[in-house]
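S.K.: Below are the structure tokens for one structure; questions will follow.
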Amino acid sequence: MKKVFLSLISSAIILSLSLAAFAQSVTNQGGSQSIDVKAKTVIAEEEASYSVDIVWDDMTFTYEKNVEWNPQNHTYTETNEGKWNKDSATVTVTNHSNVPVDVSITYNAEGDTGIRGTIINGEKTLVKGEVGNHSGADKLVSTLTISGVPSDIVTNEEIKIGSITVTIGK
């Protein structure tokens with residue numbers, strides 16, 4: 001019984017220590033006491049809100065062969081190495097999130113096309129968006145550069161030579 005009584009007393013003492021109370025006495029008839037009521041605002045811990053824009057250039061590349069018409073046998077003969085009408089295109093990733101994001105951009109070749117693709121500037125941690133600065137959001141501009149001479153499977157019909165993967169992480 002003694003243990004139960006001591007346990008109840010200990011609990012009461014602990015609870016009374018954690019309560020805040022304010023008191024003042026009014027000592028004359030008709031007296032009054034004013035009590036201030038206060039409020040404040042605090043910013044709660046941010047909940048992650050992700051918003052990332054991904055914009056890319058046209059990813060169609062054309063290899064122009066230099067050929068000469070042979071009227072004797074009605075064929076074309078390559079005269080020298082051709083050239084690409086363009087050899088690069090960009091992918092831009094912009095972070096409008098309220099948290100930083102890690103960005104990784106990779107190129108994956110497909111098939112034996114004789115064409116090589118290289119990503120330049122393919123990784124970055126983008127800082128979180130700044131309040132009121134939409135146009136100044138952090139971004140990554142990556143460039144896909146292609147090279148090589150297309151094999152015979154690349155004809156005048158467009159074929160898929162690869163893909164770009166954009167990975168967003170935290």
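Ordering of the structure tokens sets the chain letters (A, B, ...); residue numbers start at 1 within each chain; ligands are numbered from 1 in the order shown.
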From segment 96-151 of chain A, collect each residue whose DSSP state is strand (DSSP E or B) and return the set as a list in words.
M.R.: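 Reading the DSSP output for segment 96-151 of chain A, strand (DSSP E or B) covers Val101, Asp102, Val103, Ser104, Ile105, Thr106, Tyr107, Asn108, Ala109, Arg116, Gly117, Thr118, Ile119, Ile120, Glu123, Lys124, Thr125, Leu126, Lys139, Leu140, Val141, Ser142, Thr143, Leu144, Thr145, Ile146 and Ser147 of chain A.
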S.K.: Residues at most 9 Å from Ile54 of chain A, counting only C-alpha atoms, excluding those fewer than 6 positions away in the same chain, as a compact mmCIF listing (two decimals) with N, CA and C atoms, in the first residue's frame?
M.R.:
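As a result, part.txt now contains:
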# COMPACT_ATOMS: atom_id res chain seq x y z
N VAL A 91 19.58 19.06 -73.14
CA VAL A 91 18.50 18.73 -72.20
C VAL A 91 18.70 19.66 -71.02
N THR A 92 17.64 20.39 -70.65
CA THR A 92 17.72 21.33 -69.54
C THR A 92 16.75 20.89 -68.45
N VAL A 93 17.26 20.78 -67.23
CA VAL A 93 16.46 20.41 -66.07
C VAL A 93 16.49 21.58 -65.10
N THR A 94 15.29 22.08 -64.72
CA THR A 94 15.18 23.23 -63.82
C THR A 94 14.43 22.81 -62.56
N VAL A 166 16.64 10.79 -67.76
CA VAL A 166 16.82 11.83 -66.75
C VAL A 166 16.32 11.26 -65.43
S.K.: Just the number, please: distance in Å from atom CA of Glu110 of chain A to atom CA of Trp84 of chain A, one decimal.
M.R.: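 Going from atom CA of Glu110 of chain A over to atom CA of Trp84 of chain A, I get 18.7 Å.
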S.K.: Between A:Gln29, A:Thr125, A:Asn70, A:Ser34, which has the minimum distance to Val99 of chain A (counting only C-alpha atoms)?
M.R.: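 Nearest to Val99 of chain A: A:Thr125.
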S.K.: Could you list, with a cut-off of 10 Å and counting only C-alpha atoms, the residues of segment 119-165 of chain A near segment 35-53 of chain A, each shown with its nearest atom pair and the distance in Å rounded to one decimal, rows sorted by chain and ascending number, as CSV?
M.R.:
residue,atom,partner,partner_atom,distance
A:Lys128,CA,A:Tyr50,CA,9.6
A:Gly129,CA,A:Ser51,CA,9.6
A:Lys139,CA,A:Asp53,CA,9.2
S.K.: Give me, as a list in words, the residues of chain A that a backbone DSSP run labels alpha helix (DSSP H).
M.R.: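 Filtering chain A to alpha helix (DSSP H) leaves Lys2, Lys3, Val4, Phe5, Leu6, Ser7, Leu8, Ile9, Ser10, Ser11, Ala12, Ile13, Ile14, Leu15, Ser16, Leu17 and Ser18 of chain A.
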S.K.: Kindly give the distance, in Å, that separates atom CA of Thr113 of chain A and atom CA of Ser151 of chain A, rounded to a single decimal.
M.R.: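 Those two atoms sit 5.1 Å apart.
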S.K.: In Å, how far is it from atom CA of Gly117 of chain A to atom CA of Ile168 of chain A?
M.R.: 21.1 Å
S.K.: Between A:Glu78, A:Asp58, A:Asp87, A:Glu123, which is the closest to Thr106 of chain A once you count only C-alpha atoms?
M.R.: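 Answer, going by the shortest atom-to-atom distance: A:Glu123.
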S.K.: Using only C-alpha atoms, which residue out of A:Ile164, A:Tyr76, A:Phe61, A:Asn66 lies closest to Gly148 of chain A?
M.R.: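 Distance minimum relative to Gly148 of chain A lands on A:Phe61.
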S.K.: I'd like the contact shell of Ser88 of chain A - 12 Å cut-off, only C-alpha atoms, skipping same-chain residues fewer than 4 positions apart - returned as a JSON list (two decimals) with N, CA, C and O atoms, in the first residue's frame.
M.R.:
[["chain", "number", "residue", "atom", "x", "y", "z"],
["A", 56, "TRP", "N", 13.91, 19.61, -73.76],
["A", 56, "TRP", "CA", 14.97, 19.10, -74.63],
["A", 56, "TRP", "C", 14.79, 19.61, -76.05],
["A", 56, "TRP", "O", 13.70, 19.91, -76.50],
["A", 57, "ASP", "N", 15.94, 19.72, -76.71],
["A", 57, "ASP", "CA", 15.97, 20.08, -78.13],
["A", 57, "ASP", "C", 15.45, 18.92, -78.95],
["A", 57, "ASP", "O", 15.31, 17.79, -78.46],
["A", 58, "ASP", "N", 15.22, 19.17, -80.22],
["A", 58, "ASP", "CA", 14.88, 18.11, -81.16],
["A", 58, "ASP", "C", 16.03, 17.10, -81.18],
["A", 58, "ASP", "O", 17.19, 17.47, -81.34],
["A", 59, "MET", "N", 15.72, 15.84, -80.99],
["A", 59, "MET", "CA", 16.74, 14.80, -80.92],
["A", 59, "MET", "C", 16.82, 13.99, -82.21],
["A", 59, "MET", "O", 17.16, 12.81, -82.19],
["A", 60, "THR", "N", 16.54, 14.63, -83.32],
["A", 60, "THR", "CA", 16.67, 13.98, -84.62],
["A", 60, "THR", "C", 17.95, 14.47, -85.28],
["A", 60, "THR", "O", 18.15, 15.68, -85.43],
["A", 61, "PHE", "N", 18.81, 13.55, -85.66],
["A", 61, "PHE", "CA", 20.08, 13.87, -86.27],
["A", 61, "PHE", "C", 20.12, 13.27, -87.67],
["A", 61, "PHE", "O", 19.67, 12.14, -87.89],
["A", 62, "THR", "N", 20.68, 14.00, -88.62],
["A", 62, "THR", "CA", 20.75, 13.54, -90.00],
["A", 62, "THR", "C", 22.21, 13.54, -90.45],
["A", 62, "THR", "O", 22.90, 14.56, -90.34],
["A", 84, "TRP", "N", 27.42, 15.37, -90.17],
["A", 84, "TRP", "CA", 26.15, 15.49, -89.46],
["A", 84, "TRP", "C", 25.58, 16.89, -89.68],
["A", 84, "TRP", "O", 26.31, 17.87, -89.68],
["A", 116, "ARG", "N", 28.01, 7.03, -81.95],
["A", 116, "ARG", "CA", 28.32, 7.16, -80.53],
["A", 116, "ARG", "C", 27.64, 8.40, -79.97],
["A", 116, "ARG", "O", 27.60, 9.43, -80.64],
["A", 117, "GLY", "N", 27.14, 8.29, -78.75],
["A", 117, "GLY", "CA", 26.54, 9.44, -78.07],
["A", 117, "GLY", "C", 27.22, 9.66, -76.73],
["A", 117, "GLY", "O", 27.52, 8.72, -76.02],
["A", 118, "THR", "N", 27.50, 10.92, -76.44],
["A", 118, "THR", "CA", 28.17, 11.27, -75.19],
["A", 118, "THR", "C", 27.42, 12.41, -74.52],
["A", 118, "THR", "O", 27.08, 13.40, -75.18],
["A", 119, "ILE", "N", 27.16, 12.26, -73.23],
["A", 119, "ILE", "CA", 26.53, 13.33, -72.45],
["A", 119, "ILE", "C", 27.62, 14.15, -71.80],
["A", 119, "ILE", "O", 28.50, 13.62, -71.11],
["A", 120, "ILE", "N", 27.56, 15.45, -72.01],
["A", 120, "ILE", "CA", 28.49, 16.39, -71.38],
["A", 120, "ILE", "C", 27.71, 17.13, -70.30],
["A", 120, "ILE", "O", 26.61, 17.63, -70.56],
["A", 142, "SER", "N", 22.59, 20.03, -70.01],
["A", 142, "SER", "CA", 23.45, 18.94, -70.48],
["A", 142, "SER", "C", 23.39, 18.88, -71.99],
["A", 142, "SER", "O", 22.37, 19.20, -72.60],
["A", 143, "THR", "N", 24.48, 18.42, -72.58],
["A", 143, "THR", "CA", 24.56, 18.34, -74.04],
["A", 143, "THR", "C", 24.83, 16.91, -74.46],
["A", 143, "THR", "O", 25.76, 16.28, -73.95],
["A", 144, "LEU", "N", 24.00, 16.41, -75.39],
["A", 144, "LEU", "CA", 24.27, 15.13, -76.04],
["A", 144, "LEU", "C", 25.05, 15.45, -77.31],
["A", 144, "LEU", "O", 24.58, 16.25, -78.14],
["A", 145, "THR", "N", 26.23, 14.86, -77.45],
["A", 145, "THR", "CA", 27.04, 15.02, -78.66],
["A", 145, "THR", "C", 27.11, 13.67, -79.34],
["A", 145, "THR", "O", 27.42, 12.66, -78.68],
["A", 146, "ILE", "N", 26.83, 13.64, -80.64],
["A", 146, "ILE", "CA", 26.92, 12.37, -81.38],
["A", 146, "ILE", "C", 28.07, 12.45, -82.37],
["A", 146, "ILE", "O", 28.46, 13.53, -82.83],
["A", 147, "SER", "N", 28.59, 11.28, -82.69],
["A", 147, "SER", "CA", 29.70, 11.20, -83.65],
["A", 147, "SER", "C", 29.69, 9.81, -84.27],
["A", 147, "SER", "O", 28.93, 8.94, -83.87]]
